[in-house]
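Novice: Encoded as structure tokens, here's the structure I'll be asking about.
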Amino acid sequence: TLNAYLEYLKKHLEVPCLLTGIEDFDWEEFYVMGPGSKKEYEELKRENPSYKDTFEFMSLEEEFDEDYGIFVNVKRVSDKKKFVLPLADLKPKDKKSKNYQLLDDYSVWFVNFR
């Protein structure tokens, strides 16, 4: 099913597309929800992607993972740093774009029904 979804997204995802995190990424939880140091969190965000960052969509990865789903290659707008992130963790910045519903449907499906 993930393979079919990947092929569907390749055909229907419109570019350019700016993305951001739906909620804090796994590495951020200790700092956002837990006792982590705010100073240390700010330092780590320089090298790691943050759910508050804006990313430029670059491409979908051909390989996917049963636990994390489809991956996407992105470039952080602020410093051009590249990352590979789970698509289910991202949403388009523009709520009015056709991509918004497309990626929201994927995230809901992946988290709840896969």
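Chains: A, B, ... in order of the structure tokens. Residues: from 1 per chain. Ligands: from 1, in order shown.
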Contacts of Ile22 of chain A at 7 Å or less, counting only C-alpha atoms, minus same-chain residues fewer than 6 places along, as JSON, numbers by chain?
Specialist: {"A": [51, 89, 90, 91]}
Novice: Using all heavy atoms, can you write the selected residues to a file as a CSV table (one decimal), in the first residue's frame?
Specialist:
```csv
chain,number,residue,atom,x,y,z
A,51,TYR,N,10.4,21.2,13.8
A,51,TYR,CA,9.1,21.3,13.3
A,51,TYR,C,8.6,22.7,13.0
A,51,TYR,O,7.7,22.9,12.3
A,51,TYR,CB,8.1,20.6,14.3
A,51,TYR,CG,7.8,21.4,15.5
A,51,TYR,CD1,6.5,22.0,15.7
A,51,TYR,CD2,8.7,21.5,16.6
A,51,TYR,CE1,6.2,22.7,16.8
A,51,TYR,CE2,8.4,22.2,17.7
A,51,TYR,CZ,7.1,22.8,17.9
A,51,TYR,OH,6.8,23.5,19.0
A,89,ASP,N,5.2,13.5,8.9
A,89,ASP,CA,5.5,14.5,9.9
A,89,ASP,C,5.4,15.9,9.4
A,89,ASP,O,5.6,16.9,10.1
A,89,ASP,CB,6.9,14.3,10.5
A,89,ASP,CG,7.1,13.0,11.3
A,89,ASP,OD1,6.0,12.4,11.7
A,89,ASP,OD2,8.2,12.7,11.6
A,90,LEU,N,5.1,16.1,8.1
A,90,LEU,CA,5.1,17.4,7.5
A,90,LEU,C,3.8,17.8,6.9
A,90,LEU,O,2.9,16.9,6.6
A,90,LEU,CB,6.1,17.4,6.3
A,90,LEU,CG,7.6,17.1,6.8
A,90,LEU,CD1,8.4,16.9,5.5
A,90,LEU,CD2,8.1,18.2,7.6
A,91,LYS,N,3.6,19.1,6.8
A,91,LYS,CA,2.4,19.6,6.1
A,91,LYS,C,2.8,20.8,5.3
A,91,LYS,O,3.8,21.5,5.6
A,91,LYS,CB,1.3,20.0,7.2
A,91,LYS,CG,1.8,21.2,8.1
A,91,LYS,CD,0.8,21.5,9.1
A,91,LYS,CE,1.3,22.6,10.0
A,91,LYS,NZ,0.3,22.9,11.1
```
Novice: What are the DSSP strand (DSSP E or B) residues of segment 53-104 of chain A, as a PyMOL selection string?
Specialist: chain A and resi 55-65+69-76+82-86+90-92
Novice: For a quick check of understanding, using only C-alpha atoms, which of A:Arg114, A:Lys10, A:Pro92, A:Ser37 has the smallest distance to Tyr68 of chain A?
Specialist: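 Checking each of A:Arg114, A:Lys10, A:Pro92, A:Ser37 against Tyr68 of chain A, counting only C-alpha atoms, the winner is A:Arg114.
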Novice: How far is it from atom CA of Phe110 of chain A to atom CA of Asp65 of chain A, in Å with one decimal?
Specialist: 11.4 Å
Novice: Where does DSSP see helix (DSSP H, G or I) in chain A, if you list the residues as a ChimeraX atom specification?
Specialist: /A:2-12,26-32,38-44,87-89,98-112
Novice: For Leu18 of chain A, which residue among A:Leu103, A:Leu44, A:Leu87, A:Val77 is the nearest when counting only C-alpha atoms?
Specialist: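 Answer, going by the shortest atom-to-atom distance: A:Val77.
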Novice: With only C-alpha atoms as the basis for distance, which of A:Lys82, A:Arg76, A:Lys52, A:Lys95 is at the shortest distance from Thr20 of chain A?
Specialist: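 Under the stated criterion, the closest residue is A:Lys52.
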Novice: To one decimal in Å, tell me the separation between atom CA of Phe113 of chain A and atom CA of Tyr31 of chain A.
Specialist: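 Interatomic distance here is 29.2 Å.
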Novice: Of the residues A:Asp94, A:Gly69, A:Ala4, A:Glu62, which is the one nearest to Val108 of chain A, using only C-alpha atoms?
Specialist: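 When distances to Val108 of chain A are compared using only C-alpha atoms, the smallest one comes from A:Gly69.
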Novice: I need the residue nearest Pro49 of chain A from this list: A:Val74, A:Leu102, A:Leu9, A:Ala88. Use only C-alpha atoms for the distance.
Specialist: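 Closest to Pro49 of chain A of all the choices is A:Val74.
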Novice: Rank A:Lys80, A:Arg46, A:His12, A:Lys38 by their smallest atom-to-atom distance to Gln101 of chain A, using only C-alpha atoms, and report the top residue only.
Specialist: A:His12
Novice: Figure out the distance between atom CA of Leu2 of chain A and atom CA of Phe55 of chain A, please, to one decimal in Å.
Specialist: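 Computing it gives 23.0 Å between the two atoms.
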